[in-house]
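Report on the following structure.
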Amino acid sequence: MKLQRMNRRALALGALAVSGALALTACGSDETGGNADGGGSSNAAAPSNVKCDDASGQVLADGSSAQKNAVDAWVKQFSTACKVEINYKAGGSGAGVTAFTQGQVPWAGSDSALKPEEVAASKKICSGGQGIDLPMVGGPIAVGYNVPGVDKLVLDSSTIAKIFDSKITNWNDPAIAKLNPDAKLPNLKIQAFHRSDESGTTDNFTKYLIATAKKDFPYEGGKAWQAKGGQSAPQSSGVAAQVKQTAGAIGYFELSYAKDGINTVAIDTGAAEPVEATVDNATKAIADAKVVGTGKDLALELNYATKADGAYPMVLVTYEIVCDKGNKADTLPAVKAFLRYAASEDGQKILAENDYAPMPDEIIAKVRTTVESLS
């Protein structure tokens, strides 16, 4: 009897150790506070068609926190099928691009395509090649808010611009009231939160404001925040956390971070009805994008000023940045296998389950071809 109890105890401890090891392999670093399981419903067994090739070992990557929850979901599936540990730091797009061009990581995520000077820098670490942009993840940039008693809120680009430039400072401002005649807007100070780190989310958010409300947002835009006033927080998860806990707060982050009761703004674009921040509505806007990259680079040009019914204009696309040629031999098999899975039908399906928008068919087909040509 004593021996049976000891055997059962040993089996239980062994199972716990194995599950712990698997969790460490799948999770990687989660500095943004995202769900390490990726959220959604991606808890099924790993797809049987994952092509691992000779992939093995550990891969460190850095970049966009916007895609952190998507990468977590991919890693959970991929690492179950392939004996590869993917550690994605998610320190922000700016940090990711810098880490890539300095040769610290074999691939990075960025919500903005590489600039000419960044491409030039990448040639020093891509032997005989250069860094290229592979659009892999799409989705709406949600404007989340915390206004007691207000469950639905409509804003237009001009009003959003004025709020984030400290020109509208109270929630019962006439401009907000005009767009929300049925809402009981409180006499409450607006607490606008923006990113403290260089961010592709900031870049795309301000590109939308510049394209649609330049008069009210007279800035050049970019990854670093430029407007006046407001408060800052690191990464998308940091901004979302501040909005959730601060009465009167408003901030911008990817839809996947608009969890646990955070309400999001519907945008009056001039379409028949205000447009909600949803995956389907974001996909309608991304489908209107054009490939403007040359060679194997697949950088996109988004139409932020769309007025099409149901098209949510405040979108971003996250690029996986990698060398087209000259990738390091020790990490190339693992990077190539992971990106192949992310671009696959299964990998793209996971995006919709986690509040991201899959890439349109025409675009993702080009990504798959390019991934196979990486060397």
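Lettering and numbering for the structure tokens are positional, with chains as A, B, ... in the shown order, residues counted from 1 in each chain, and ligands counted from 1 in the shown order.
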
If you run DSSP on the backbone here, which positions in region 217-272 of chain A get alpha helix (DSSP H)? Please write them as a short mmCIF file (atom, residue, chain, number, x, y, z; two decimals) with all heavy atoms, in the first residue's frame.
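As a result, states-v6.cif now contains:
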data_model
loop_
_atom_site.label_atom_id
_atom_site.label_comp_id
_atom_site.auth_asym_id
_atom_site.auth_seq_id
_atom_site.Cartn_x
_atom_site.Cartn_y
_atom_site.Cartn_z
N GLN A 235 4.19 50.25 -23.59
CA GLN A 235 3.53 49.17 -24.31
C GLN A 235 2.00 49.30 -24.31
O GLN A 235 1.42 50.06 -23.55
CB GLN A 235 3.95 47.80 -23.76
CG GLN A 235 5.31 47.32 -24.23
CD GLN A 235 6.43 47.83 -23.37
OE1 GLN A 235 6.37 47.75 -22.15
NE2 GLN A 235 7.49 48.34 -23.99
N SER A 236 1.40 48.55 -25.20
CA SER A 236 -0.06 48.59 -25.31
C SER A 236 -0.74 48.15 -24.03
O SER A 236 -1.75 48.71 -23.61
CB SER A 236 -0.52 47.70 -26.47
OG SER A 236 -0.07 48.20 -27.71
N SER A 237 -0.16 47.14 -23.39
CA SER A 237 -0.77 46.64 -22.15
C SER A 237 -0.74 47.70 -21.05
O SER A 237 -1.65 47.77 -20.23
CB SER A 237 -0.06 45.38 -21.68
OG SER A 237 1.30 45.65 -21.42
N GLY A 238 0.32 48.51 -21.03
CA GLY A 238 0.43 49.56 -20.03
C GLY A 238 -0.62 50.64 -20.20
O GLY A 238 -1.23 51.11 -19.24
N VAL A 239 -0.85 51.04 -21.46
CA VAL A 239 -1.89 52.04 -21.74
C VAL A 239 -3.27 51.48 -21.38
O VAL A 239 -4.09 52.15 -20.75
CB VAL A 239 -1.85 52.48 -23.22
CG1 VAL A 239 -3.01 53.43 -23.53
CG2 VAL A 239 -0.52 53.16 -23.55
N ALA A 240 -3.52 50.23 -21.79
CA ALA A 240 -4.81 49.61 -21.49
C ALA A 240 -5.04 49.52 -19.98
O ALA A 240 -6.16 49.76 -19.49
CB ALA A 240 -4.89 48.22 -22.12
N ALA A 241 -4.00 49.18 -19.23
CA ALA A 241 -4.13 49.07 -17.78
C ALA A 241 -4.47 50.42 -17.15
O ALA A 241 -5.30 50.49 -16.22
CB ALA A 241 -2.84 48.53 -17.18
N GLN A 242 -3.87 51.48 -17.65
CA GLN A 242 -4.15 52.82 -17.12
C GLN A 242 -5.59 53.24 -17.42
O GLN A 242 -6.27 53.84 -16.59
CB GLN A 242 -3.17 53.84 -17.70
CG GLN A 242 -1.75 53.69 -17.19
CD GLN A 242 -1.63 53.95 -15.70
OE1 GLN A 242 -2.38 54.74 -15.12
NE2 GLN A 242 -0.70 53.27 -15.06
N VAL A 243 -6.05 52.93 -18.63
CA VAL A 243 -7.43 53.26 -18.99
C VAL A 243 -8.41 52.52 -18.09
O VAL A 243 -9.39 53.09 -17.61
CB VAL A 243 -7.70 52.95 -20.48
CG1 VAL A 243 -9.20 53.05 -20.79
CG2 VAL A 243 -6.91 53.88 -21.38
N LYS A 244 -8.14 51.26 -17.86
CA LYS A 244 -9.04 50.43 -17.05
C LYS A 244 -9.16 50.95 -15.62
O LYS A 244 -10.25 50.93 -15.04
CB LYS A 244 -8.55 48.99 -17.06
CG LYS A 244 -9.47 48.05 -16.29
CD LYS A 244 -8.96 46.62 -16.33
CE LYS A 244 -9.87 45.70 -15.53
NZ LYS A 244 -9.39 44.30 -15.54
N GLN A 245 -8.07 51.45 -15.06
CA GLN A 245 -8.08 51.81 -13.64
C GLN A 245 -8.28 53.30 -13.37
O GLN A 245 -8.38 53.71 -12.22
CB GLN A 245 -6.76 51.35 -12.99
CG GLN A 245 -5.53 52.11 -13.45
CD GLN A 245 -4.24 51.51 -12.91
OE1 GLN A 245 -4.18 50.33 -12.59
NE2 GLN A 245 -3.21 52.33 -12.79
#

Each residue of region 286-309 of chain A lying at most 6 Å from region 126-134 of chain A should get a row with its shortest atom-to-atom pair and the distance in Å to one decimal, counting only C-alpha atoms; could you produce that, ordered by chain and increasing number, as a tab-separated table?
residue	atom	partner	partner_atom	distance
A:Asp297	CA	A:Ile132	CA	4.7
A:Leu298	CA	A:Asp133	CA	5.5
A:Ala299	CA	A:Asp133	CA	5.6

Same residues, N, CA and C atoms, saved as an mmCIF file, in the first residue's frame:
data_model
loop_
_atom_site.group_PDB
_atom_site.id
_atom_site.type_symbol
_atom_site.label_atom_id
_atom_site.label_comp_id
_atom_site.auth_asym_id
_atom_site.auth_seq_id
_atom_site.Cartn_x
_atom_site.Cartn_y
_atom_site.Cartn_z
ATOM 1 N N ASP A 297 10.316 42.944 -50.596
ATOM 2 C CA ASP A 297 9.715 43.735 -49.529
ATOM 3 C C ASP A 297 8.224 43.919 -49.818
ATOM 4 N N LEU A 298 7.390 43.672 -48.802
ATOM 5 C CA LEU A 298 5.934 43.721 -48.997
ATOM 6 C C LEU A 298 5.271 44.791 -48.128
ATOM 7 N N ALA A 299 5.937 45.934 -47.971
ATOM 8 C CA ALA A 299 5.364 47.048 -47.221
ATOM 9 C C ALA A 299 4.056 47.491 -47.878
#

### Message
Residues near region 264-277 of chain A, anyone? I mean within 8 Å using only C-alpha atoms, not counting same-chain ones fewer than 3 positions away, as a PyMOL selection string.
### Response
chain A and resi 140-145+152-157+255+258+281-282+305-313

Just the residues within 6 Å of Leu316 (chain A), please, counting only C-alpha atoms, with nothing from its chain fewer than 6 positions along; format it as a PDB file with N, CA and C atoms, in the first residue's frame.
ATOM      1  N   GLY A 138      -2.867  41.856 -38.774  1.00  0.00           N
ATOM      2  CA  GLY A 138      -3.616  43.100 -38.929  1.00  0.00           C
ATOM      3  C   GLY A 138      -4.592  43.276 -37.789  1.00  0.00           C
ATOM      4  N   GLY A 139      -5.149  44.453 -37.710  1.00  0.00           N
ATOM      5  CA  GLY A 139      -6.174  44.653 -36.698  1.00  0.00           C
ATOM      6  C   GLY A 139      -6.475  46.108 -36.452  1.00  0.00           C
ATOM      7  N   ASN A 204       0.884  54.512 -36.431  1.00  0.00           N
ATOM      8  CA  ASN A 204      -0.340  54.313 -37.201  1.00  0.00           C
ATOM      9  C   ASN A 204      -1.503  55.137 -36.674  1.00  0.00           C
TER      10      ASN A 204
END

### Query
Hey, what's within 8 Å of Lys336 (chain A) if we count only C-alpha atoms and toss same-chain stuff fewer than 2 positions away? As a list in words, please?
Leu332, Pro333, Ala334, Phe338, Leu339, Arg340, Val371, Glu372 and Leu374 of chain A

Go through region 244-345 of chain A and flag each residue having an atom no more than 7 Å from region 349-356 of chain A; for those, report the closest pair of atoms plus their distance in Å to one decimal, using only C-alpha atoms, ordered by chain and rising number, as JSON lines.
{"residue": "A:Leu255", "atom": "CA", "partner": "A:Asp355", "partner_atom": "CA", "distance": 6.2}
{"residue": "A:Ser256", "atom": "CA", "partner": "A:Asp355", "partner_atom": "CA", "distance": 5.1}
{"residue": "A:Val279", "atom": "CA", "partner": "A:Tyr356", "partner_atom": "CA", "distance": 5.9}
{"residue": "A:Glu345", "atom": "CA", "partner": "A:Lys349", "partner_atom": "CA", "distance": 6.1}

Would you save the residues from that selection as a short mmCIF file (atom, residue, chain, number, x, y, z; two decimals), in the first residue's frame, using C-alpha atoms?
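Written file, again_31.cif:
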data_model
loop_
_atom_site.label_atom_id
_atom_site.label_comp_id
_atom_site.auth_asym_id
_atom_site.auth_seq_id
_atom_site.Cartn_x
_atom_site.Cartn_y
_atom_site.Cartn_z
CA LEU A 255 -8.35 45.51 -29.93
CA SER A 256 -6.86 42.41 -28.29
CA VAL A 279 -11.82 42.38 -36.67
CA GLU A 345 -3.94 28.97 -43.14
#

### Task
Using only C-alpha atoms, pick whichever of A:Gly248, A:Asn172, A:Lys162, A:Gln191 has the shortest atom-to-atom distance to Asp216 (chain A).
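With only C-alpha atoms as the atom set, the closest residue is A:Lys162.
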
### Task
Name the residues in contact with region 221-228 of chain A at a cut-off of 6 Å, using only C-alpha atoms, excluding same-chain residues fewer than 5 positions from it; report them as number ranges by chain.
A: 165, 198-200, 202-203, 206

Taking C-alpha atoms for each residue, export the selection above as an mmCIF file, in the first residue's frame.
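After the write, part.cif holds the following:
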data_model
loop_
_atom_site.group_PDB
_atom_site.id
_atom_site.type_symbol
_atom_site.label_atom_id
_atom_site.label_comp_id
_atom_site.auth_asym_id
_atom_site.auth_seq_id
_atom_site.Cartn_x
_atom_site.Cartn_y
_atom_site.Cartn_z
ATOM 1 C CA ASP A 165 -3.600 67.248 -28.120
ATOM 2 C CA GLU A 198 8.623 54.309 -29.527
ATOM 3 C CA SER A 199 5.724 52.445 -31.028
ATOM 4 C CA GLY A 200 4.327 51.474 -34.391
ATOM 5 C CA THR A 202 1.573 55.405 -32.135
ATOM 6 C CA ASP A 203 2.848 55.765 -35.696
ATOM 7 C CA THR A 206 -1.096 59.467 -35.647
#

### Message
I'd like the contact shell of Ile86 (chain A) - 7 Å cut-off, only C-alpha atoms, skipping same-chain residues fewer than 5 positions apart - returned as a ChimeraX atom specification.
### Response
/A:28,58-60,75
